[in-house]
file data-v7.pdb (PDB, C-alpha atoms)
ATOM      1  CA  MET A   1      37.170  28.204 -62.068
ATOM      2  CA  LEU A   2      38.567  28.340 -58.559
ATOM      3  CA  CYS A   3      35.661  30.551 -57.539
ATOM      4  CA  ILE A   4      33.178  28.025 -58.911
ATOM      5  CA  LEU A   5      34.901  25.191 -57.021
ATOM      6  CA  ALA A   6      34.944  27.238 -53.851
ATOM      7  CA  LEU A   7      31.252  28.008 -54.224
ATOM      8  CA  ALA A   8      30.476  24.361 -54.845
ATOM      9  CA  ALA A   9      32.497  23.282 -51.818
ATOM     10  CA  GLY A  10      30.786  25.892 -49.704
ATOM     11  CA  ALA A  11      27.371  24.800 -50.886
ATOM     12  CA  ALA A  12      28.214  21.169 -50.131
ATOM     13  CA  ALA A  13      29.487  22.061 -46.690
ATOM     14  CA  TRP A  14      26.360  24.093 -46.036
ATOM     15  CA  TRP A  15      24.158  21.194 -47.151
ATOM     16  CA  VAL A  16      26.033  18.814 -44.855
ATOM     17  CA  TYR A  17      25.755  21.282 -41.981
ATOM     18  CA  ARG A  18      22.021  21.775 -42.542
ATOM     19  CA  SER A  19      21.210  18.146 -43.420
ATOM     20  CA  GLY A  20      18.224  16.912 -41.445
ATOM     21  CA  PHE A  21      15.457  14.314 -41.440
ATOM     22  CA  ASP A  22      12.619  13.528 -43.815
ATOM     23  CA  LEU A  23       9.835  13.616 -41.204
ATOM     24  CA  GLN A  24       6.238  14.807 -41.157
ATOM     25  CA  GLU A  25       5.895  14.447 -37.376
ATOM     26  CA  THR A  26       8.161  14.166 -34.356
ATOM     27  CA  THR A  27       9.607  10.760 -33.516
ATOM     28  CA  TYR A  28      11.928   9.477 -30.810
ATOM     29  CA  ILE A  29      15.056   7.337 -30.763
ATOM     30  CA  TYR A  30      15.564   5.221 -27.631
ATOM     31  CA  ILE A  31      19.178   4.429 -26.784
ATOM     32  CA  ASP A  32      19.883   1.832 -24.108
ATOM     33  CA  GLY A  33      22.994   0.508 -22.441
ATOM     34  CA  ASP A  34      23.632  -2.108 -25.133
ATOM     35  CA  ASP A  35      23.691   0.346 -28.032
ATOM     36  CA  ASP A  36      26.754   1.316 -30.010
ATOM     37  CA  VAL A  37      27.155   3.603 -33.032
ATOM     38  CA  ASP A  38      26.153   0.826 -35.442
ATOM     39  CA  SER A  39      22.935  -0.053 -33.614
ATOM     40  CA  ILE A  40      22.097   3.627 -33.156
ATOM     41  CA  SER A  41      22.600   4.249 -36.871
ATOM     42  CA  GLN A  42      20.213   1.380 -37.648
ATOM     43  CA  LYS A  43      17.564   2.907 -35.379
ATOM     44  CA  VAL A  44      18.116   6.327 -36.920
ATOM     45  CA  GLU A  45      17.840   5.016 -40.481
ATOM     46  CA  ARG A  46      14.738   2.975 -39.703
ATOM     47  CA  GLU A  47      12.808   5.429 -37.526
ATOM     48  CA  ALA A  48      14.089   8.949 -38.251
ATOM     49  CA  LYS A  49      14.659   8.773 -42.033
ATOM     50  CA  PRO A  50      17.680  11.082 -42.320
ATOM     51  CA  GLU A  51      18.308  12.800 -45.613
ATOM     52  CA  SER A  52      21.749  11.167 -45.651
ATOM     53  CA  MET A  53      23.162   8.429 -43.452
ATOM     54  CA  ARG A  54      26.625   9.460 -44.642
ATOM     55  CA  VAL A  55      26.120  12.778 -42.887
ATOM     56  CA  PHE A  56      25.145  10.971 -39.681
ATOM     57  CA  HIS A  57      28.268   8.807 -39.801
ATOM     58  CA  LEU A  58      30.388  11.873 -40.618
ATOM     59  CA  PHE A  59      29.284  13.790 -37.551
ATOM     60  CA  ALA A  60      29.309  10.659 -35.383
ATOM     61  CA  GLY A  61      32.983  10.302 -36.282
ATOM     62  CA  LEU A  62      33.896  13.979 -35.976
ATOM     63  CA  LEU A  63      32.267  14.204 -32.541
ATOM     64  CA  ASN A  64      33.666  10.837 -31.409
ATOM     65  CA  LEU A  65      30.183   9.586 -30.592
ATOM     66  CA  LYS A  66      31.353   6.027 -29.957
ATOM     67  CA  ASP A  67      33.025   7.175 -26.730
ATOM     68  CA  HIS A  68      30.180   9.467 -25.662
ATOM     69  CA  ILE A  69      27.007   7.435 -26.130
ATOM     70  CA  ARG A  70      24.386   8.409 -23.558
ATOM     71  CA  THR A  71      21.275   6.351 -22.907
ATOM     72  CA  GLY A  72      17.945   8.097 -23.189
ATOM     73  CA  ARG A  73      14.979   9.117 -25.319
ATOM     74  CA  TYR A  74      16.013  11.559 -28.009
ATOM     75  CA  GLU A  75      13.637  13.692 -29.997
ATOM     76  CA  VAL A  76      13.851  13.940 -33.764
ATOM     77  CA  SER A  77      11.599  16.691 -35.073
ATOM     78  CA  LYS A  78      11.075  18.392 -38.383
ATOM     79  CA  GLY A  79      13.798  21.003 -38.825
ATOM     80  CA  LEU A  80      16.296  19.264 -36.527
ATOM     81  CA  THR A  81      19.701  18.835 -38.145
ATOM     82  CA  VAL A  82      21.714  15.634 -38.005
ATOM     83  CA  LEU A  83      24.531  17.568 -36.359
ATOM     84  CA  ARG A  84      22.254  18.751 -33.576
ATOM     85  CA  PHE A  85      20.870  15.242 -33.098
ATOM     86  CA  VAL A  86      24.373  13.772 -32.684
ATOM     87  CA  ARG A  87      25.220  16.568 -30.262
ATOM     88  CA  ASP A  88      22.054  15.830 -28.277
ATOM     89  CA  ILE A  89      23.180  12.236 -27.759
ATOM     90  CA  ARG A  90      26.731  13.241 -26.919
ATOM     91  CA  ASN A  91      25.532  15.860 -24.421
ATOM     92  CA  HIS A  92      22.753  13.664 -22.980
ATOM     93  CA  ASN A  93      20.117  16.172 -24.063
ATOM     94  CA  GLU A  94      17.271  13.674 -23.783
ATOM     95  CA  LYS A  95      13.544  14.314 -23.665
ATOM     96  CA  PRO A  96      11.412  13.164 -20.702
ATOM     97  CA  ILE A  97       8.430  10.830 -20.895
ATOM     98  CA  ASN A  98       5.077  10.987 -19.136
ATOM     99  CA  LEU A  99       5.301   8.020 -16.779
ATOM    100  CA  VAL A 100       1.947   6.611 -15.694
ATOM    101  CA  VAL A 101       2.065   5.115 -12.199
ATOM    102  CA  PRO A 102      -1.050   2.918 -12.013
ATOM    103  CA  SER A 103      -3.253   1.552  -9.261
ATOM    104  CA  VAL A 104      -2.356  -2.136  -9.280
ATOM    105  CA  ARG A 105      -2.813  -5.044  -6.895
ATOM    106  CA  THR A 106       0.774  -6.180  -6.320
ATOM    107  CA  MET A 107       4.320  -4.905  -6.503
ATOM    108  CA  ASP A 108       5.080  -7.456  -9.233
ATOM    109  CA  MET A 109       2.303  -5.896 -11.283
ATOM    110  CA  MET A 110       3.745  -2.457 -10.566
ATOM    111  CA  ALA A 111       7.168  -3.627 -11.757
ATOM    112  CA  GLY A 112       5.664  -4.842 -15.019
ATOM    113  CA  LYS A 113       3.692  -1.649 -15.643
ATOM    114  CA  LEU A 114       6.682   0.611 -14.944
ATOM    115  CA  ALA A 115       9.086  -1.489 -17.007
ATOM    116  CA  CYS A 116       6.810  -1.161 -20.051
ATOM    117  CA  GLN A 117       7.511   2.571 -19.967
ATOM    118  CA  LEU A 118      11.157   2.725 -18.829
ATOM    119  CA  MET A 119      14.579   1.449 -19.844
ATOM    120  CA  VAL A 120      14.949  -0.578 -16.640
ATOM    121  CA  ASP A 121      13.436  -4.057 -16.919
ATOM    122  CA  SER A 122      10.695  -5.558 -14.769
ATOM    123  CA  VAL A 123      13.000  -8.090 -13.091
ATOM    124  CA  GLN A 124      15.255  -5.311 -11.779
ATOM    125  CA  ILE A 125      12.297  -3.328 -10.479
ATOM    126  CA  ALA A 126      10.671  -6.389  -8.900
ATOM    127  CA  ARG A 127      13.903  -7.381  -7.163
ATOM    128  CA  TYR A 128      14.382  -3.861  -5.849
ATOM    129  CA  LEU A 129      10.838  -3.711  -4.468
ATOM    130  CA  ASP A 130      11.210  -7.154  -2.892
ATOM    131  CA  ASP A 131      14.478  -6.387  -1.098
ATOM    132  CA  GLU A 132      13.987  -5.827   2.634
ATOM    133  CA  ALA A 133      16.917  -3.407   2.891
ATOM    134  CA  ASN A 134      15.532  -1.264   0.074
ATOM    135  CA  ILE A 135      12.054  -1.305   1.589
ATOM    136  CA  ARG A 136      13.405  -0.183   4.970
ATOM    137  CA  ALA A 137      15.510   2.534   3.333
ATOM    138  CA  LEU A 138      12.350   3.888   1.723
ATOM    139  CA  GLY A 139      10.716   4.031   5.166
ATOM    140  CA  TYR A 140       8.220   1.218   4.621
ATOM    141  CA  THR A 141       7.508  -2.392   5.479
ATOM    142  CA  ARG A 142       6.673  -5.087   2.955
ATOM    143  CA  GLU A 143       3.009  -4.712   3.933
ATOM    144  CA  SER A 144       2.883  -0.914   3.724
ATOM    145  CA  LEU A 145       5.030  -0.478   0.574
ATOM    146  CA  PRO A 146       2.070  -0.130  -1.838
ATOM    147  CA  GLY A 147       1.242   3.067   0.049
ATOM    148  CA  LEU A 148       4.397   4.724  -1.290
ATOM    149  CA  PHE A 149       2.924   5.095  -4.769
ATOM    150  CA  ILE A 150       0.449   7.835  -5.652
ATOM    151  CA  PRO A 151      -1.111   6.866  -9.005
ATOM    152  CA  ASN A 152      -0.629   9.753 -11.384
ATOM    153  CA  THR A 153       1.349  10.836 -14.441
ATOM    154  CA  TYR A 154       4.896  12.054 -13.795
ATOM    155  CA  GLU A 155       7.484  13.577 -16.105
ATOM    156  CA  VAL A 156      10.674  11.515 -15.811
ATOM    157  CA  TYR A 157      13.547  10.469 -18.034
ATOM    158  CA  TRP A 158      13.179   7.140 -19.814
ATOM    159  CA  ASP A 159      16.585   5.955 -18.558
ATOM    160  CA  VAL A 160      15.960   6.938 -14.930
ATOM    161  CA  SER A 161      17.454   4.440 -12.463
ATOM    162  CA  ILE A 162      15.159   2.535 -10.109
ATOM    163  CA  GLU A 163      16.852   4.277  -7.177
ATOM    164  CA  LYS A 164      16.181   7.738  -8.607
ATOM    165  CA  LEU A 165      12.632   6.749  -9.491
ATOM    166  CA  MET A 166      11.924   5.676  -5.916
ATOM    167  CA  GLU A 167      13.369   8.944  -4.637
ATOM    168  CA  ARG A 168      10.939  10.712  -6.952
ATOM    169  CA  MET A 169       8.050   8.613  -5.659
ATOM    170  CA  GLN A 170       8.966   9.583  -2.084
ATOM    171  CA  LYS A 171       8.927  13.277  -3.016
ATOM    172  CA  GLU A 172       5.590  12.926  -4.799
ATOM    173  CA  HIS A 173       4.130  11.055  -1.830
ATOM    174  CA  LYS A 174       5.225  13.827   0.529
ATOM    175  CA  ALA A 175       3.829  16.511  -1.776
ATOM    176  CA  PHE A 176       0.510  14.675  -2.064
ATOM    177  CA  TRP A 177       0.111  14.485   1.706
ATOM    178  CA  ASN A 178      -0.009  18.240   2.028
ATOM    179  CA  GLU A 179      -1.173  20.265   5.012
ATOM    180  CA  GLU A 180      -4.805  20.127   3.883
ATOM    181  CA  ARG A 181      -4.941  16.336   3.629
ATOM    182  CA  MET A 182      -2.983  15.810   6.849
ATOM    183  CA  GLY A 183      -5.357  18.227   8.569
ATOM    184  CA  LYS A 184      -8.314  15.963   7.810
ATOM    185  CA  LEU A 185      -6.911  12.975   9.696
ATOM    186  CA  LYS A 186      -8.285  14.163  13.045
ATOM    187  CA  GLU A 187     -11.878  14.341  11.812
ATOM    188  CA  VAL A 188     -11.544  10.986  10.055
ATOM    189  CA  SER A 189     -10.202   9.485  13.284
ATOM    190  CA  GLN A 190     -13.208  10.792  15.211
ATOM    191  CA  TYR A 191     -15.597   9.280  12.681
ATOM    192  CA  ALA A 192     -13.791   5.937  12.564
ATOM    193  CA  GLY A 193     -13.515   5.713  16.335
ATOM    194  CA  GLU A 194      -9.749   5.173  16.266
ATOM    195  CA  GLU A 195      -6.635   7.072  15.278
ATOM    196  CA  MET A 196      -6.436   7.132  11.502
ATOM    197  CA  THR A 197      -2.898   7.696  10.278
ATOM    198  CA  LYS A 198      -2.229   8.362   6.613
ATOM    199  CA  GLU A 199      -1.108   4.722   6.347
ATOM    200  CA  LYS A 200      -4.498   3.540   7.658
ATOM    201  CA  VAL A 201      -6.306   5.926   5.327
ATOM    202  CA  ILE A 202      -4.375   4.476   2.376
ATOM    203  CA  THR A 203      -5.203   0.926   3.480
ATOM    204  CA  LEU A 204      -8.905   1.738   3.781
ATOM    205  CA  ALA A 205      -8.778   3.558   0.439
ATOM    206  CA  SER A 206      -7.296   0.454  -1.184
ATOM    207  CA  ILE A 207     -10.312  -1.543   0.025
ATOM    208  CA  VAL A 208     -12.723   1.118  -1.209
ATOM    209  CA  ASP A 209     -10.990   1.137  -4.623
ATOM    210  CA  SER A 210     -11.254  -2.646  -4.773
ATOM    211  CA  GLU A 211     -14.973  -2.512  -4.048
ATOM    212  CA  THR A 212     -15.855  -0.107  -6.834
ATOM    213  CA  ALA A 213     -14.495   1.789  -9.808
ATOM    214  CA  ASN A 214     -17.333   4.286  -9.418
ATOM    215  CA  ASN A 215     -15.743   7.351  -7.825
ATOM    216  CA  GLY A 216     -19.148   8.737  -6.886
ATOM    217  CA  GLU A 217     -19.781   5.761  -4.568
ATOM    218  CA  LYS A 218     -16.416   5.802  -2.862
ATOM    219  CA  PRO A 219     -17.201   8.345  -0.092
ATOM    220  CA  THR A 220     -20.314   6.290   0.776
ATOM    221  CA  ILE A 221     -18.374   3.043   0.970
ATOM    222  CA  ALA A 222     -15.605   4.703   2.989
ATOM    223  CA  ALA A 223     -18.170   5.854   5.560
ATOM    224  CA  LEU A 224     -19.772   2.408   5.657
ATOM    225  CA  TYR A 225     -16.491   0.749   6.578
ATOM    226  CA  MET A 226     -15.724   3.377   9.206
ATOM    227  CA  ASN A 227     -19.201   2.805  10.645
ATOM    228  CA  ARG A 228     -18.176  -0.816  11.103
ATOM    229  CA  MET A 229     -14.842   0.162  12.628
ATOM    230  CA  ARG A 230     -16.572   2.433  15.125
ATOM    231  CA  LYS A 231     -18.990  -0.243  16.414
ATOM    232  CA  PRO A 232     -16.634  -2.320  16.184
ATOM    233  CA  MET A 233     -17.587  -4.922  13.603
ATOM    234  CA  ALA A 234     -15.479  -6.950  11.233
ATOM    235  CA  LEU A 235     -15.133  -5.156   7.913
ATOM    236  CA  GLN A 236     -16.073  -8.324   6.003
ATOM    237  CA  SER A 237     -14.690  -7.015   2.730
ATOM    238  CA  ASP A 238     -14.657  -9.556  -0.089
ATOM    239  CA  PRO A 239     -11.668  -7.919  -1.849
ATOM    240  CA  THR A 240      -9.530  -8.489   1.250
ATOM    241  CA  VAL A 241     -10.420 -12.182   1.118
ATOM    242  CA  ILE A 242      -9.506 -12.362  -2.562
ATOM    243  CA  TYR A 243      -6.191 -10.679  -1.740
ATOM    244  CA  ALA A 244      -5.604 -13.162   1.091
ATOM    245  CA  VAL A 245      -6.355 -16.124  -1.191
ATOM    246  CA  GLY A 246      -4.125 -14.628  -3.892
ATOM    247  CA  ASP A 247      -6.417 -15.543  -6.778
ATOM    248  CA  PHE A 248      -7.562 -12.347  -8.482
ATOM    249  CA  SER A 249      -9.688 -14.259 -10.976
ATOM    250  CA  ILE A 250     -12.287 -14.936  -8.249
ATOM    251  CA  ARG A 251     -15.603 -13.270  -9.108
ATOM    252  CA  ARG A 252     -17.704 -14.970  -6.453
ATOM    253  CA  VAL A 253     -16.378 -15.262  -2.903
ATOM    254  CA  LEU A 254     -17.451 -18.590  -1.402
ATOM    255  CA  HIS A 255     -17.577 -19.852   2.185
ATOM    256  CA  GLU A 256     -14.376 -21.825   1.597
ATOM    257  CA  HIS A 257     -12.566 -18.577   0.771
ATOM    258  CA  LEU A 258     -13.750 -16.961   3.999
ATOM    259  CA  LYS A 259     -11.883 -19.605   6.017
ATOM    260  CA  VAL A 260      -8.418 -18.649   4.754
ATOM    261  CA  GLU A 261      -5.954 -17.937   7.559
ATOM    262  CA  SER A 262      -4.512 -14.515   6.819
ATOM    263  CA  PRO A 263      -4.252 -11.133   8.545
ATOM    264  CA  TYR A 264      -5.805  -9.733   5.347
ATOM    265  CA  ASN A 265      -9.003 -11.752   5.802
ATOM    266  CA  THR A 266     -11.339  -9.151   7.298
ATOM    267  CA  TYR A 267     -14.018 -11.772   7.896
ATOM    268  CA  ARG A 268     -11.797 -13.445  10.494
ATOM    269  CA  ASN A 269     -10.015 -10.368  11.872
ATOM    270  CA  LEU A 270     -11.317  -7.126  13.323
ATOM    271  CA  GLY A 271     -10.081  -3.817  11.965
ATOM    272  CA  LEU A 272      -7.998  -2.950   8.957
ATOM    273  CA  PRO A 273      -5.533  -5.394   7.388
ATOM    274  CA  PRO A 274      -1.808  -4.781   7.956
ATOM    275  CA  GLY A 275      -1.398  -2.881   4.690
ATOM    276  CA  PRO A 276      -3.056  -1.878   1.434
ATOM    277  CA  ILE A 277      -4.508  -4.603  -0.761
ATOM    278  CA  ARG A 278      -3.611  -2.544  -3.839
ATOM    279  CA  VAL A 279      -2.022   0.789  -4.690
ATOM    280  CA  ALA A 280      -4.777   3.172  -3.612
ATOM    281  CA  SER A 281      -6.008   5.758  -6.103
ATOM    282  CA  ILE A 282      -6.145   9.482  -5.422
ATOM    283  CA  ALA A 283      -9.942   9.257  -5.672
ATOM    284  CA  GLY A 284      -9.963   6.458  -3.102
ATOM    285  CA  ILE A 285      -7.749   8.313  -0.639
ATOM    286  CA  ASP A 286      -9.738  11.521  -0.988
ATOM    287  CA  ALA A 287     -12.968   9.554  -0.589
ATOM    288  CA  VAL A 288     -11.813   8.418   2.852
ATOM    289  CA  LEU A 289     -10.635  11.887   3.814
ATOM    290  CA  ASN A 290     -13.910  13.407   2.563
ATOM    291  CA  HIS A 291     -16.230  10.542   3.481
ATOM    292  CA  ASP A 292     -19.986  10.721   3.631
ATOM    293  CA  ARG A 293     -21.853  10.587   6.908
ATOM    294  CA  ASN A 294     -24.371   7.770   6.768
ATOM    295  CA  ASN A 295     -25.701   4.866   8.806
ATOM    296  CA  TYR A 296     -24.947   2.131   6.311
ATOM    297  CA  ILE A 297     -23.476  -1.092   7.652
ATOM    298  CA  TYR A 298     -24.046  -3.424   4.721
ATOM    299  CA  MET A 299     -23.465  -3.293   0.988
ATOM    300  CA  CYS A 300     -23.979  -5.701  -1.866
ATOM    301  CA  ALA A 301     -23.237  -5.407  -5.570
ATOM    302  CA  LYS A 302     -26.292  -4.533  -7.610
ATOM    303  CA  GLU A 303     -27.891  -7.351  -9.511
ATOM    304  CA  ASP A 304     -27.628  -5.407 -12.776
ATOM    305  CA  PHE A 305     -23.796  -5.800 -12.679
ATOM    306  CA  SER A 306     -23.413  -2.051 -13.153
ATOM    307  CA  GLY A 307     -20.468  -1.975 -10.756
ATOM    308  CA  THR A 308     -22.505  -0.026  -8.195
ATOM    309  CA  HIS A 309     -24.032  -1.204  -4.916
ATOM    310  CA  ASN A 310     -27.175  -1.481  -2.859
ATOM    311  CA  PHE A 311     -26.607  -0.180   0.668
ATOM    312  CA  ALA A 312     -28.447  -1.189   3.804
ATOM    313  CA  VAL A 313     -28.743  -0.183   7.436
ATOM    314  CA  SER A 314     -30.338  -3.418   8.650
ATOM    315  CA  TYR A 315     -29.259  -7.003   8.157
ATOM    316  CA  GLY A 316     -32.730  -7.958   6.936
ATOM    317  CA  GLU A 317     -32.577  -5.389   4.162
ATOM    318  CA  HIS A 318     -29.088  -6.597   3.275
ATOM    319  CA  LEU A 319     -30.287 -10.201   2.958
ATOM    320  CA  LEU A 320     -32.850  -9.108   0.384
ATOM    321  CA  ASN A 321     -30.159  -7.281  -1.588
ATOM    322  CA  ALA A 322     -27.830 -10.280  -1.347
ATOM    323  CA  ALA A 323     -30.561 -12.672  -2.518
ATOM    324  CA  ARG A 324     -31.157 -10.608  -5.654
ATOM    325  CA  TYR A 325     -27.432 -10.536  -6.425
ATOM    326  CA  THR A 326     -27.011 -14.280  -5.801
ATOM    327  CA  LYS A 327     -29.926 -14.984  -8.118
ATOM    328  CA  ALA A 328     -28.281 -12.853 -10.833
ATOM    329  CA  LEU A 329     -24.966 -14.708 -10.390
ATOM    330  CA  ASN A 330     -26.684 -18.065 -10.701
ATOM    331  CA  GLU A 331     -28.580 -16.963 -13.788
ATOM    332  CA  ARG A 332     -25.320 -15.969 -15.428
ATOM    333  CA  GLY A 333     -23.624 -19.206 -14.425
ATOM    334  CA  ILE A 334     -20.947 -17.460 -12.340
ATOM    335  CA  ARG A 335     -19.804 -20.117  -9.886
ATOM    336  CA  ARG A 336     -16.503 -18.670  -8.717
TER
END

call {"tool": "encode", "arguments": {"input": "data-v7.pdb", "output": "structure tokens"}}
result
Amino acid sequence: MLCILALAAGAAAWWVYRSGFDLQETTYIYIDGDDDVDSISQKVEREAKPESMRVFHLFAGLLNLKDHIRTGRYEVSKGLTVLRFVRDIRNHNEKPINLVVPSVRTMDMMAGKLACQLMVDSVQIARYLDDEANIRALGYTRESLPGLFIPNTYEVYWDVSIEKLMERMQKEHKAFWNEERMGKLKEVSQYAGEEMTKEKVITLASIVDSETANNGEKPTIAALYMNRMRKPMALQSDPTVIYAVGDFSIRRVLHEHLKVESPYNTYRNLGLPPGPIRVASIAGIDAVLNHDRNNYIYMCAKEDFSGTHNFAVSYGEHLLNAARYTKALNERGIRR
């Protein structure tokens, strides 16, 4: 009889030790700074479907989880035991996420996009990116700060602090501007007729990105603007005017918009604006560094609204292109 009881106890202990989750595919439990054992257990029961919540509470108690809760994103996969899951939390054995850093127009927009993917909220990120001391510590000005970000996908931890995230962005920025890209600045400067630093390249790239989403056109547009810089002529970029006005719903730039007093209005000011008008894409930056060589001075959106452009060398040719586009706008009832 004692042998039977011992076998039963051993079997029960083994079942408890090997108890896992009733999952068909991997899921994740997100633990933030407000969580305690009770709230974690609710998340586990709802999202991970353990074979026994009693086993979870048993190991949470034995391992004193309440005093060792670690924020993070924890993986629950088929075959994982409850014991190992509790140990993962206790030991901060979290799984990273693939953080998408997007090309956006403003730092407030960046804060919102990052916060959707991270534990830190958008208000904290926005305040950090708006603080002059933080901006200086990063090595930027308020105007140049969008140039810190290189839009890409990065593996980071969900509970990364904003400070650590910015350190990562600095490292990625430095890695992006490798010897090959830095080596192209001299040729770009010769073509543009002025010294083109990486900051100026990023600013020009942000204008190119704002003009088109068509990566194939970007080297052509980059050359066109540098042709204007070399003459010199005002860039007369509509996206810079929209940025200066601050109304990104504008689809048709009017004469009243061109009058706005702003260093970003490239109709009123020669040369590049004081900083990027959006976070420049990799394609945009590389389009400037690997620009076409052409004689274009003018461009106008195509009247078929394909997102591509008609290019022109002469003003007369440009007026014909502009007339076709204006006619198409009027036909579609686009007034602003």

call {"tool": "atom_distance", "arguments": {"input": "data-v7.pdb", "atom1": "CA of Leu254 (chain A)", "atom2": "CA of Leu145 (chain A)"}}
result
28.9 Å

call {"tool": "resolve_selection", "arguments": {"input": "data-v7.pdb", "expression": "the PyMOL selection byres ((chain A and resi 195) around 12)", "output": "list of chain:residue names"}}
result
A:Lys184, A:Leu185, A:Lys186, A:Glu187, A:Val188, A:Ser189, A:Gln190, A:Tyr191, A:Ala192, A:Gly193, A:Glu194, A:Met196, A:Thr197, A:Lys198, A:Glu199, A:Lys200, A:Val201, A:Met226, A:Met229, A:Arg230, A:Gly271, A:Leu272

call {"tool": "residues_around", "arguments": {"input": "data-v7.pdb", "residues": "region 22-32 of chain A", "least_positions_apart": "4", "cutoff": "8 Å", "atoms": "only C-alpha atoms", "output": "list in words"}}
result
Ile40, Lys43, Val44, Glu47, Ala48, Lys49, Pro50, Glu51, Arg70, Thr71, Gly72, Arg73, Tyr74, Glu75, Val76, Ser77, Lys78, Met119 and Asp159 of chain A

call {"tool": "residues_around", "arguments": {"input": "data-v7.pdb", "residues": "Ile97 (chain A)", "least_positions_apart": "6", "cutoff": "8 Å", "atoms": "all atoms listed in the file", "output": "ChimeraX atom specification"}}
result
/A:155-158

call {"tool": "closest_residue", "arguments": {"input": "data-v7.pdb", "among": "A:Ser19, A:Ser306, A:Asn265, A:Asn227", "to": "Val245 (chain A)", "atoms": "all atoms listed in the file"}}
result
A:Asn265

call {"tool": "residues_around", "arguments": {"input": "data-v7.pdb", "residues": "region 215-223 of chain A", "least_positions_apart": "2", "cutoff": "8 Å", "atoms": "all atoms listed in the file", "output": "list in words"}}
result
Leu204, Ala205, Val208, Asp209, Thr212, Ala213, Tyr225, Met226, Asn227, Ala283, Gly284, Ala287, Val288, Asn290, His291, Asp292, Arg293, Asn294, Tyr296 and Thr308 of chain A

call {"tool": "atom_distance", "arguments": {"input": "data-v7.pdb", "atom1": "CA of Lys171 (chain A)", "atom2": "CA of Met109 (chain A)"}}
result
21.9 Å

call {"tool": "resolve_selection", "arguments": {"input": "data-v7.pdb", "expression": "the PyMOL selection byres ((chain A and resi 301-305) around 10)", "output": "PDB file with C-alpha atoms, in the frame of the given file"}}
result
ATOM      1  CA  GLU A 211     -14.973  -2.512  -4.048  1.00  0.00           C
ATOM      2  CA  THR A 212     -15.855  -0.107  -6.834  1.00  0.00           C
ATOM      3  CA  MET A 299     -23.465  -3.293   0.988  1.00  0.00           C
ATOM      4  CA  CYS A 300     -23.979  -5.701  -1.866  1.00  0.00           C
ATOM      5  CA  SER A 306     -23.413  -2.051 -13.153  1.00  0.00           C
ATOM      6  CA  GLY A 307     -20.468  -1.975 -10.756  1.00  0.00           C
ATOM      7  CA  THR A 308     -22.505  -0.026  -8.195  1.00  0.00           C
ATOM      8  CA  HIS A 309     -24.032  -1.204  -4.916  1.00  0.00           C
ATOM      9  CA  ASN A 310     -27.175  -1.481  -2.859  1.00  0.00           C
ATOM     10  CA  PHE A 311     -26.607  -0.180   0.668  1.00  0.00           C
ATOM     11  CA  ASN A 321     -30.159  -7.281  -1.588  1.00  0.00           C
ATOM     12  CA  ALA A 322     -27.830 -10.280  -1.347  1.00  0.00           C
ATOM     13  CA  ALA A 323     -30.561 -12.672  -2.518  1.00  0.00           C
ATOM     14  CA  ARG A 324     -31.157 -10.608  -5.654  1.00  0.00           C
ATOM     15  CA  TYR A 325     -27.432 -10.536  -6.425  1.00  0.00           C
ATOM     16  CA  THR A 326     -27.011 -14.280  -5.801  1.00  0.00           C
ATOM     17  CA  LYS A 327     -29.926 -14.984  -8.118  1.00  0.00           C
ATOM     18  CA  ALA A 328     -28.281 -12.853 -10.833  1.00  0.00           C
ATOM     19  CA  LEU A 329     -24.966 -14.708 -10.390  1.00  0.00           C
TER      20      LEU A 329
END

call {"tool": "closest_residue", "arguments": {"input": "data-v7.pdb", "among": "A:Arg46, A:Ile282, A:Ala115, A:Arg142", "to": "Leu165 (chain A)", "atoms": "only C-alpha atoms"}}
result
A:Ala115

call {"tool": "residues_around", "arguments": {"input": "data-v7.pdb", "residues": "Ser144 (chain A)", "least_positions_apart": "6", "cutoff": "8 Å", "atoms": "all atoms listed in the file", "output": "PyMOL selection string"}}
result
chain A and resi 199+274-276

call {"tool": "resolve_selection", "arguments": {"input": "data-v7.pdb", "expression": "the PyMOL selection byres ((chain A and resi 166) around 10)", "output": "VMD selection string"}}
result
chain A and resid 128 to 129 134 138 148 to 149 160 to 165 167 to 172

call {"tool": "residues_near_point", "arguments": {"input": "data-v7.pdb", "point": "(-1.2, 3.5, -2.6)", "cutoff": "8 Å", "atoms": "all atoms listed in the file", "output": "PyMOL selection string"}}
result
chain A and resi 103+146-151+202-203+206+276+278-281

call {"tool": "closest_residue", "arguments": {"input": "data-v7.pdb", "among": "A:Ile250, A:Ile135, A:Val101, A:Met53", "to": "Lys113 (chain A)", "atoms": "only C-alpha atoms"}}
result
A:Val101

call {"tool": "closest_residue", "arguments": {"input": "data-v7.pdb", "among": "A:Glu45, A:Asp35, A:Asp108, A:Asp247", "to": "Ile89 (chain A)", "atoms": "only C-alpha atoms"}}
result
A:Asp35

call {"tool": "closest_residue", "arguments": {"input": "data-v7.pdb", "among": "A:Ala60, A:Asn93, A:Arg252, A:Phe21", "to": "Asn330 (chain A)", "atoms": "only C-alpha atoms"}}
result
A:Arg252

call {"tool": "axis_aligned_box", "arguments": {"input": "data-v7.pdb", "around": "region 324-329 of chain A", "padding_each_side": "5 Å", "output": "JSON"}}
result
{"center_x": -28.1, "center_y": -12.8, "center_z": -8.2, "size_x": 16.2, "size_y": 14.4, "size_z": 15.2}

call {"tool": "atom_distance", "arguments": {"input": "data-v7.pdb", "atom1": "CA of Val253 (chain A)", "atom2": "CA of Leu319 (chain A)"}}
result
15.9 Å
